[in-house]
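To be precise, the following lines are run_29.cif, and they hold mmCIF, C-alpha atoms.
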```
data_query
loop_
_atom_site.label_atom_id
_atom_site.label_comp_id
_atom_site.auth_asym_id
_atom_site.auth_seq_id
_atom_site.Cartn_x
_atom_site.Cartn_y
_atom_site.Cartn_z
CA MET A 9 -131.21 73.45 -81.95
CA LYS A 10 -132.06 76.70 -80.12
CA PHE A 11 -131.03 75.12 -76.81
CA SER A 12 -127.93 73.31 -78.05
CA LEU A 13 -124.37 74.08 -77.01
CA ASP A 14 -123.52 75.26 -80.53
CA HIS A 15 -126.35 77.76 -80.39
CA VAL A 16 -125.24 78.98 -76.97
CA LEU A 17 -121.62 79.33 -78.09
CA ALA A 18 -122.78 81.43 -81.02
CA GLN A 19 -124.55 83.77 -78.58
CA LEU A 20 -121.67 84.10 -76.11
CA PRO A 21 -118.51 85.76 -77.47
CA ARG A 22 -116.67 84.97 -74.21
CA PRO A 23 -117.02 82.58 -71.25
CA PRO A 24 -120.18 83.34 -69.26
CA ARG A 25 -119.79 85.41 -66.09
CA ARG A 26 -123.31 84.96 -64.71
CA VAL A 27 -124.73 81.43 -64.83
CA VAL A 28 -127.82 79.94 -63.21
CA SER A 29 -127.74 76.16 -62.86
CA LEU A 30 -131.08 74.36 -62.60
CA VAL A 31 -129.54 70.90 -62.17
CA PRO A 32 -127.67 69.85 -58.99
CA SER A 33 -125.15 67.66 -60.80
CA TYR A 34 -124.38 70.50 -63.23
CA THR A 35 -123.78 72.84 -60.31
CA GLU A 36 -121.29 70.44 -58.78
CA SER A 37 -119.53 70.00 -62.12
CA LEU A 38 -119.17 73.75 -62.60
CA PHE A 39 -117.43 74.13 -59.27
CA GLU A 40 -115.24 71.04 -59.55
CA LEU A 41 -113.98 72.17 -62.95
CA GLY A 42 -113.11 75.61 -61.61
CA PHE A 43 -116.04 77.65 -62.94
CA GLY A 44 -117.82 78.27 -59.64
CA SER A 45 -117.12 82.01 -59.62
CA SER A 46 -119.53 82.41 -62.54
CA VAL A 47 -122.46 80.73 -60.75
CA VAL A 48 -124.97 83.32 -59.50
CA GLY A 49 -128.02 81.10 -58.96
CA ILE A 50 -128.77 77.48 -58.04
CA THR A 51 -131.70 75.28 -57.05
CA ASP A 52 -132.82 74.30 -53.57
CA TYR A 53 -131.48 70.80 -54.26
CA CYS A 54 -127.95 71.84 -55.18
CA ILE A 55 -125.85 70.53 -52.28
CA HIS A 56 -122.34 69.90 -53.65
CA PRO A 57 -119.87 71.42 -52.92
CA SER A 58 -121.67 72.49 -49.73
CA ASN A 59 -119.22 75.12 -48.46
CA ALA A 60 -119.09 76.92 -51.79
CA LEU A 61 -122.88 77.18 -52.13
CA LYS A 62 -123.75 78.88 -48.85
CA ASN A 63 -124.18 82.42 -50.16
CA ILE A 64 -125.48 81.72 -53.65
CA PRO A 65 -129.16 82.67 -54.23
CA ARG A 66 -131.63 79.80 -54.58
CA VAL A 67 -134.34 79.96 -57.25
CA GLY A 68 -136.55 77.04 -56.17
CA GLY A 69 -136.50 73.35 -56.97
CA PRO A 70 -135.50 71.96 -60.39
CA LYS A 71 -139.15 71.30 -61.26
CA ASN A 72 -140.58 74.52 -59.83
CA ALA A 73 -137.84 77.10 -60.25
CA ARG A 74 -139.17 80.66 -60.17
CA LEU A 75 -138.82 82.55 -63.44
CA GLU A 76 -138.80 85.92 -61.67
CA SER A 77 -135.99 84.83 -59.34
CA ILE A 78 -133.89 83.64 -62.27
CA LEU A 79 -134.43 86.82 -64.26
CA SER A 80 -133.57 88.99 -61.24
CA LEU A 81 -130.07 87.45 -61.25
CA GLU A 82 -129.50 88.73 -64.81
CA PRO A 83 -127.94 85.49 -66.07
CA GLU A 84 -125.94 85.31 -69.26
CA LEU A 85 -126.65 81.59 -69.40
CA VAL A 86 -128.98 79.03 -67.78
CA LEU A 87 -128.12 75.34 -67.63
CA ALA A 88 -131.12 73.02 -67.79
CA ASN A 89 -132.12 69.41 -68.36
CA PRO A 90 -135.42 68.17 -69.87
CA GLU A 91 -135.72 65.43 -67.25
CA GLU A 92 -135.26 67.87 -64.36
CA ASN A 93 -136.77 71.14 -65.56
CA PRO A 94 -140.19 71.96 -67.07
CA ALA A 95 -140.28 72.91 -70.73
CA ASP A 96 -142.45 75.98 -70.14
CA LEU A 97 -139.76 77.49 -67.91
CA VAL A 98 -137.08 76.86 -70.52
CA PHE A 99 -139.17 78.46 -73.27
CA ALA A 100 -140.06 81.40 -71.02
CA LEU A 101 -136.36 82.08 -70.46
CA PHE A 102 -135.72 81.80 -74.19
CA GLU A 103 -138.48 84.29 -74.91
CA LYS A 104 -136.84 86.69 -72.46
CA GLY A 105 -133.65 86.47 -74.50
CA ILE A 106 -131.71 84.35 -72.00
CA PRO A 107 -129.47 81.70 -73.61
CA VAL A 108 -130.36 78.25 -72.26
CA TRP A 109 -128.22 75.17 -72.76
CA VAL A 110 -130.39 72.08 -72.42
CA SER A 111 -128.35 68.87 -72.20
CA PHE A 112 -129.64 65.36 -71.54
CA PRO A 113 -126.97 62.73 -70.72
CA GLN A 114 -128.40 59.22 -70.99
CA THR A 115 -125.10 57.32 -70.97
CA VAL A 116 -121.73 57.73 -69.31
CA GLN A 117 -120.31 58.86 -72.64
CA ASP A 118 -123.04 61.51 -72.87
CA ALA A 119 -122.09 62.75 -69.40
CA ILE A 120 -118.44 63.06 -70.39
CA GLN A 121 -119.43 64.94 -73.54
CA PHE A 122 -121.40 67.34 -71.34
CA LEU A 123 -118.22 68.02 -69.35
CA TRP A 124 -116.31 68.61 -72.58
CA GLY A 125 -119.07 71.05 -73.49
CA LEU A 126 -118.34 73.00 -70.30
CA VAL A 127 -114.68 73.06 -71.27
CA ASP A 128 -115.62 74.50 -74.68
CA LEU A 129 -117.92 77.01 -73.04
CA TYR A 130 -115.26 78.34 -70.66
CA ARG A 131 -112.22 77.77 -72.92
CA ASP A 132 -110.20 76.42 -70.00
CA LYS A 133 -107.14 74.17 -70.40
CA GLN A 134 -106.94 73.10 -66.76
CA ALA A 135 -110.54 71.93 -66.85
CA ALA A 136 -109.77 70.09 -70.09
CA LEU A 137 -107.04 68.15 -68.29
CA LYS A 138 -109.46 67.15 -65.52
CA VAL A 139 -112.04 65.92 -68.01
CA ARG A 140 -109.44 64.02 -70.00
CA VAL A 141 -108.28 62.18 -66.87
CA LEU A 142 -111.89 61.29 -66.06
CA GLU A 143 -112.46 60.12 -69.63
CA GLN A 144 -109.36 57.92 -69.50
CA SER A 145 -110.58 56.37 -66.25
CA TRP A 146 -113.89 55.57 -67.92
CA GLU A 147 -112.15 54.08 -70.95
CA PHE A 148 -110.08 51.85 -68.66
CA ALA A 149 -113.23 50.78 -66.78
CA ARG A 150 -114.86 49.82 -70.09
CA GLN A 151 -111.94 47.58 -70.96
CA VAL A 152 -111.96 45.89 -67.55
CA SER A 153 -115.74 45.50 -67.66
CA GLU A 154 -115.49 43.00 -70.51
CA SER A 155 -113.91 40.43 -68.19
CA LEU A 156 -116.10 41.03 -65.13
CA PRO A 157 -118.69 38.47 -63.92
CA ARG A 158 -122.20 39.66 -64.68
CA PHE A 159 -124.95 39.96 -62.08
CA ARG A 160 -128.68 40.67 -62.38
CA TYR A 161 -129.82 43.59 -60.27
CA PHE A 162 -132.95 45.47 -59.27
CA CYS A 163 -132.64 49.14 -58.29
CA PRO A 164 -135.76 51.13 -57.38
CA VAL A 165 -135.84 54.89 -57.83
CA TRP A 166 -139.07 55.51 -55.93
CA GLU A 167 -141.48 53.58 -53.73
CA GLU A 168 -145.23 54.09 -53.44
CA THR A 169 -148.33 52.29 -52.25
CA LEU A 170 -151.47 52.31 -54.38
CA THR A 171 -154.71 50.68 -53.15
CA GLY A 172 -152.70 48.79 -50.57
CA GLN A 173 -150.20 47.44 -53.11
CA ILE A 174 -146.56 48.43 -52.84
CA ARG A 175 -144.76 49.14 -56.10
CA TRP A 176 -141.62 50.85 -57.31
CA ILE A 177 -140.48 53.11 -60.10
CA THR A 178 -137.24 51.83 -61.59
CA PHE A 179 -135.22 52.54 -64.75
CA ASN A 180 -134.51 50.63 -67.95
CA ASP A 181 -131.31 50.31 -69.98
CA GLN A 182 -131.83 53.59 -71.83
CA THR A 183 -130.65 55.57 -68.80
CA TYR A 184 -127.44 56.87 -67.30
CA PRO A 185 -127.54 54.70 -64.11
CA ALA A 186 -128.05 51.52 -66.12
CA ASP A 187 -125.13 52.36 -68.37
CA LEU A 188 -123.00 53.19 -65.34
CA LEU A 189 -123.83 49.95 -63.51
CA SER A 190 -123.05 47.93 -66.62
CA LEU A 191 -119.41 49.01 -66.19
CA PHE A 192 -119.27 47.00 -62.98
CA GLY A 193 -121.02 43.89 -64.27
CA GLY A 194 -124.62 44.93 -63.73
CA GLU A 195 -127.45 43.56 -65.84
CA ASN A 196 -130.76 45.30 -65.22
CA ILE A 197 -133.66 42.85 -64.77
CA PHE A 198 -135.96 45.57 -66.14
CA GLY A 199 -133.58 46.71 -68.85
CA ALA A 200 -136.10 46.20 -71.66
CA LYS A 201 -139.23 47.30 -69.80
CA GLN A 202 -140.99 50.59 -70.54
CA LYS A 203 -143.48 52.55 -68.53
CA GLU A 204 -147.04 51.85 -69.61
CA LYS A 205 -148.73 54.81 -71.26
CA PRO A 206 -151.84 55.98 -69.40
CA SER A 207 -155.10 56.37 -71.25
CA GLY A 208 -155.95 59.79 -72.57
CA GLU A 209 -154.02 62.39 -74.50
CA GLY A 210 -151.60 65.06 -73.46
CA GLN A 211 -149.55 62.76 -71.25
CA ASP A 212 -145.91 63.84 -71.06
CA LEU A 213 -143.98 61.07 -69.40
CA ASP A 214 -140.64 59.35 -69.64
CA LEU A 215 -141.13 55.74 -70.71
CA ARG A 216 -137.66 54.83 -69.47
CA TYR A 217 -138.93 54.65 -65.88
CA PRO A 218 -141.35 51.71 -65.60
CA VAL A 219 -143.48 50.92 -62.57
CA VAL A 220 -142.96 47.38 -61.22
CA THR A 221 -144.62 45.17 -58.63
CA PRO A 222 -143.16 42.70 -56.10
CA ASP A 223 -144.25 39.79 -58.32
CA GLU A 224 -142.35 41.25 -61.27
CA VAL A 225 -139.23 41.72 -59.16
CA CYS A 226 -139.46 38.11 -57.96
CA SER A 227 -139.86 36.91 -61.54
CA GLY A 228 -136.70 38.79 -62.47
CA ASP A 229 -134.82 36.74 -59.84
CA PRO A 230 -132.29 39.48 -58.99
CA GLU A 231 -128.91 38.51 -57.63
CA VAL A 232 -128.39 41.99 -56.21
CA ILE A 233 -130.83 44.61 -54.92
CA LEU A 234 -129.49 48.16 -54.76
CA LEU A 235 -131.28 50.69 -52.55
CA PRO A 236 -130.19 54.31 -53.19
CA ASP A 237 -130.75 57.08 -50.66
CA GLU A 238 -132.15 59.45 -53.28
CA PRO A 239 -134.42 60.52 -54.88
CA PHE A 240 -136.40 58.20 -52.57
CA SER A 241 -134.58 57.77 -49.30
CA PHE A 242 -134.20 54.04 -48.75
CA GLU A 243 -132.75 53.65 -45.26
CA SER A 244 -131.41 50.68 -43.30
CA SER A 245 -134.94 49.80 -42.16
CA ALA A 246 -135.88 49.16 -45.80
CA VAL A 247 -133.45 46.26 -45.99
CA GLU A 248 -135.56 44.18 -43.62
CA ARG A 249 -138.70 44.87 -45.66
CA PHE A 250 -136.98 43.81 -48.86
CA ILE A 251 -135.69 40.65 -47.20
CA LYS A 252 -139.25 39.65 -46.31
CA LEU A 253 -140.61 40.52 -49.74
CA PHE A 254 -137.92 38.76 -51.75
CA GLN A 255 -136.75 35.97 -49.46
CA ASN A 256 -136.64 33.45 -52.32
CA THR A 257 -134.38 35.50 -54.57
CA PRO A 258 -130.60 35.03 -54.84
CA ALA A 259 -130.19 38.61 -53.60
CA VAL A 260 -131.64 37.73 -50.21
CA LYS A 261 -130.23 34.21 -50.00
CA LYS A 262 -126.71 35.55 -50.56
CA ASN A 263 -127.16 38.69 -48.45
CA ARG A 264 -126.86 41.02 -51.41
CA ILE A 265 -129.14 43.93 -50.54
CA TRP A 266 -126.97 47.03 -50.60
CA LEU A 267 -127.60 50.61 -49.55
CA ILE A 268 -125.79 52.92 -51.97
CA PRO A 269 -125.45 56.71 -52.36
CA GLY A 270 -127.98 57.94 -54.89
CA ASP A 271 -125.93 60.92 -56.00
CA THR A 272 -123.02 58.65 -56.97
CA LEU A 273 -125.40 56.55 -59.07
CA PHE A 274 -127.65 59.18 -60.63
CA TRP A 275 -125.65 62.41 -60.85
CA TYR A 276 -124.10 62.71 -64.29
CA GLY A 277 -121.06 64.96 -64.36
CA VAL A 278 -117.88 65.02 -62.32
CA ARG A 279 -119.44 62.66 -59.74
CA LEU A 280 -118.69 59.95 -62.27
CA GLY A 281 -115.18 60.02 -60.81
CA LYS A 282 -116.52 58.94 -57.41
CA ALA A 283 -118.53 56.13 -59.01
CA LEU A 284 -115.47 54.85 -60.86
CA SER A 285 -113.51 54.99 -57.60
CA ASP A 286 -116.04 53.58 -55.12
CA PHE A 287 -118.23 51.11 -57.01
CA PRO A 288 -115.49 48.63 -58.00
CA GLU A 289 -114.78 48.02 -54.32
CA VAL A 290 -118.48 47.57 -53.55
CA PHE A 291 -118.98 44.97 -56.24
CA SER A 292 -115.64 43.20 -55.80
CA SER A 293 -116.56 42.66 -52.15
CA LEU A 294 -119.89 41.26 -53.32
CA TYR A 295 -118.24 38.72 -55.59
CA SER A 296 -115.67 37.72 -52.96
CA MET A 297 -118.55 36.25 -50.96
CA GLU A 298 -119.09 33.49 -53.50
#
```
Spell out the structure here as structure tokens.
Amino acid sequence: MKFSLDHVLAQLPRPPRRVVSLVPSYTESLFELGFGSSVVGITDYCIHPSNALKNIPRVGGPKNARLESILSLEPELVLANPEENPADLVFALFEKGIPVWVSFPQTVQDAIQFLWGLVDLYRDKQAALKVRVLEQSWEFARQVSESLPRFRYFCPVWEETLTGQIRWITFNDQTYPADLLSLFGGENIFGAKQKEKPSGEGQDLDLRYPVVTPDEVCSGDPEVILLPDEPFSFESSAVERFIKLFQNTPAVKKNRIWLIPGDTLFWYGVRLGKALSDFPEVFSSLYSME
């Protein structure tokens, strides 16, 4: 409750004038909704909108932001996310008397509610109109989605090699990207899988991101393989590797290994508009091949 929007609103009698954003997608949303003039600090990974961010102080990465750098900016509010930012940093800011709004969108609807929260925070009618238009676009996409052909997909988030065995971190259906892809007909082959808990105590991990092997991917028989360029940068050379690994899957047989922009898939916030605009064309082209 102490990090909720309601708690923050109770602490701020007016729209904030000095905000530090610890999440790249939140930074982009602040600027696109017209609140960029209040942003006084961002992370090293905040890249959109590039021209507007050139002279704004950086406080480190989302996972290793420097408390001293944040405090030196004298923020009235810090925006954070439990998936992106460490809890000890959030609590340290709270103990220093800095209001922190911690939001955690796990569905498209959650992401839209986050944007409405920004509207409430800044009390801005023009921003409200922008969010309403985005919400209406999403509602229309939901209606259309009911009649779309479904396709099974595999989408890795990260790639690693352990004891000579390649494996990937992916996501299950309790995540924003899975909910987003479902709008375009996507059915996640690892939708019900959870990350295995390691032995020992004190492990703080997100079970929504399971680790999978090539054999598991083959067993899922994906019709589409999506390779994002972030957070792990899958490049064009990766396509050939995936073709060799999964040559017996429908995805390879029908030439359905696609490189896609990771920010459009993973960034919750105003970038949803780009996903709703670009992804229908990507997947309609895919189905026209049949």
Quiz item: CA of Lys133 in chain A and CA of Pro32 in chain A are how many Å apart?
Solution: 23.9 Å
Quiz item: Once the PyMOL selection byres ((chain A and resi 188-201) around 6) has been applied to the shown file, what residues remain in the selection, as JSON, numbers by chain?
Solution: {"A": [153, 156, 157, 158, 159, 160, 161, 180, 181, 185, 186, 187, 202, 228]}
Quiz item: What is the CA of Ala95 in chain A to CA of Glu76 in chain A distance in Å?
Solution: 15.9 Å
Exercise. Name the residues in contact with Arg131 in chain A at a cut-off of 9 Å, using all atoms listed in the file, excluding same-chain residues fewer than 4 positions from it; report them as a VMD selection string.
Key: chain A and resid 22 to 23 126 to 127 135 to 136
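Across the model, the gap from CA of Ile50 in chain A to CA of Leu123 in chain A is 18.1 Å.
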Practice problem: Give me the result of the PyMOL selection byres ((chain A and resi 269) around 9) on this file, residue by residue, as a VMD selection string. | Solution: chain A and resid 235 to 238 267 to 268 270 to 274
Range 266-284 of chain A: axis-aligned bounding box, 5 Å on each side, centre and edge lengths in Å, one decimal, as lines of an AutoDock Vina configuration file:
```
center_x = -121.6
center_y = 56.0
center_z = -57.0
size_x = 22.8
size_y = 28.0
size_z = 24.8
```
Set the distance at 7 Å and use all atoms listed in the file: which residues neighbour range 162-176 of chain A once local chain neighbours fewer than 2 positions away are removed? I'd like the list as a compact mmCIF listing (two decimals) with C-alpha atoms, in the frame of the given file.
```txt
# COMPACT_ATOMS: atom_id res chain seq x y z
CA THR A 178 -137.24 51.83 -61.59
CA ASN A 196 -130.76 45.30 -65.22
CA ILE A 197 -133.66 42.85 -64.77
CA VAL A 219 -143.48 50.92 -62.57
CA VAL A 220 -142.96 47.38 -61.22
CA THR A 221 -144.62 45.17 -58.63
CA PRO A 222 -143.16 42.70 -56.10
CA PRO A 230 -132.29 39.48 -58.99
CA VAL A 232 -128.39 41.99 -56.21
CA ILE A 233 -130.83 44.61 -54.92
CA LEU A 234 -129.49 48.16 -54.76
CA LEU A 235 -131.28 50.69 -52.55
CA PRO A 239 -134.42 60.52 -54.88
CA PHE A 240 -136.40 58.20 -52.57
```
Quiz prompt | Chain and number of each residue from the PyMOL selection byres ((chain A and resi 122) around 9), as a PyMOL selection string | solution = chain A and resi 111-113+117-121+123-127+276-277
Practice problem: For Arg26 in chain A, work out the shell of residues within 9 Å, counting all atoms listed in the file and skipping chain neighbours fewer than 4 positions away, then give it as a list in words. | Solution: Ser45, Ser46, Val47, Val48, Gly49, Leu81, Glu82, Pro83, Glu84, Leu85 and Val86 of chain A
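The list of residues within 10 Å of (-136.6, 64.5, -63.1), counted using all atoms listed in the file, is A:Val31, A:Pro70, A:Lys71, A:Asn89, A:Pro90, A:Glu91, A:Glu92, A:Asn93, A:Pro94, A:Asp214, A:Pro239.
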Would you mind listing what lies within 8 Å of Leu97 in chain A as an mmCIF file with C-alpha atoms, in the coordinates of the input, with all atoms listed in the file counted and same-chain residues fewer than 4 positions away left out?
```
data_model
loop_
_atom_site.group_PDB
_atom_site.id
_atom_site.type_symbol
_atom_site.label_atom_id
_atom_site.label_comp_id
_atom_site.auth_asym_id
_atom_site.auth_seq_id
_atom_site.Cartn_x
_atom_site.Cartn_y
_atom_site.Cartn_z
ATOM 1 C CA ALA A 73 -137.840 77.100 -60.250
ATOM 2 C CA LEU A 75 -138.820 82.550 -63.440
ATOM 3 C CA ASN A 93 -136.770 71.140 -65.560
ATOM 4 C CA LEU A 101 -136.360 82.080 -70.460
#
```
Self-check item: A:Leu215, A:Ala18, A:Leu87, A:Leu142 ranked by distance to Gln182 in chain A, top pick (using only C-alpha atoms)
Solution: A:Leu215
Quiz prompt | Residue among A:Thr51, A:Gln255, A:Ser241, A:Thr183 lying closest to Pro218 in chain A, counting only C-alpha atoms | solution = A:Thr183
With a distance cut-off of 12 Å and all atoms listed in the file, select the neighbouring residues of Glu103 in chain A, excluding the residue or stretch itself and same-chain residues fewer than 5 positions from it, and output the selection as a compact mmCIF listing (two decimals) with C-alpha atoms, in the frame of the given file.
```
# COMPACT_ATOMS: atom_id res chain seq x y z
CA LYS A 10 -132.06 76.70 -80.12
CA PHE A 11 -131.03 75.12 -76.81
CA LEU A 75 -138.82 82.55 -63.44
CA LEU A 79 -134.43 86.82 -64.26
CA ASP A 96 -142.45 75.98 -70.14
CA LEU A 97 -139.76 77.49 -67.91
CA VAL A 98 -137.08 76.86 -70.52
CA VAL A 108 -130.36 78.25 -72.26
```
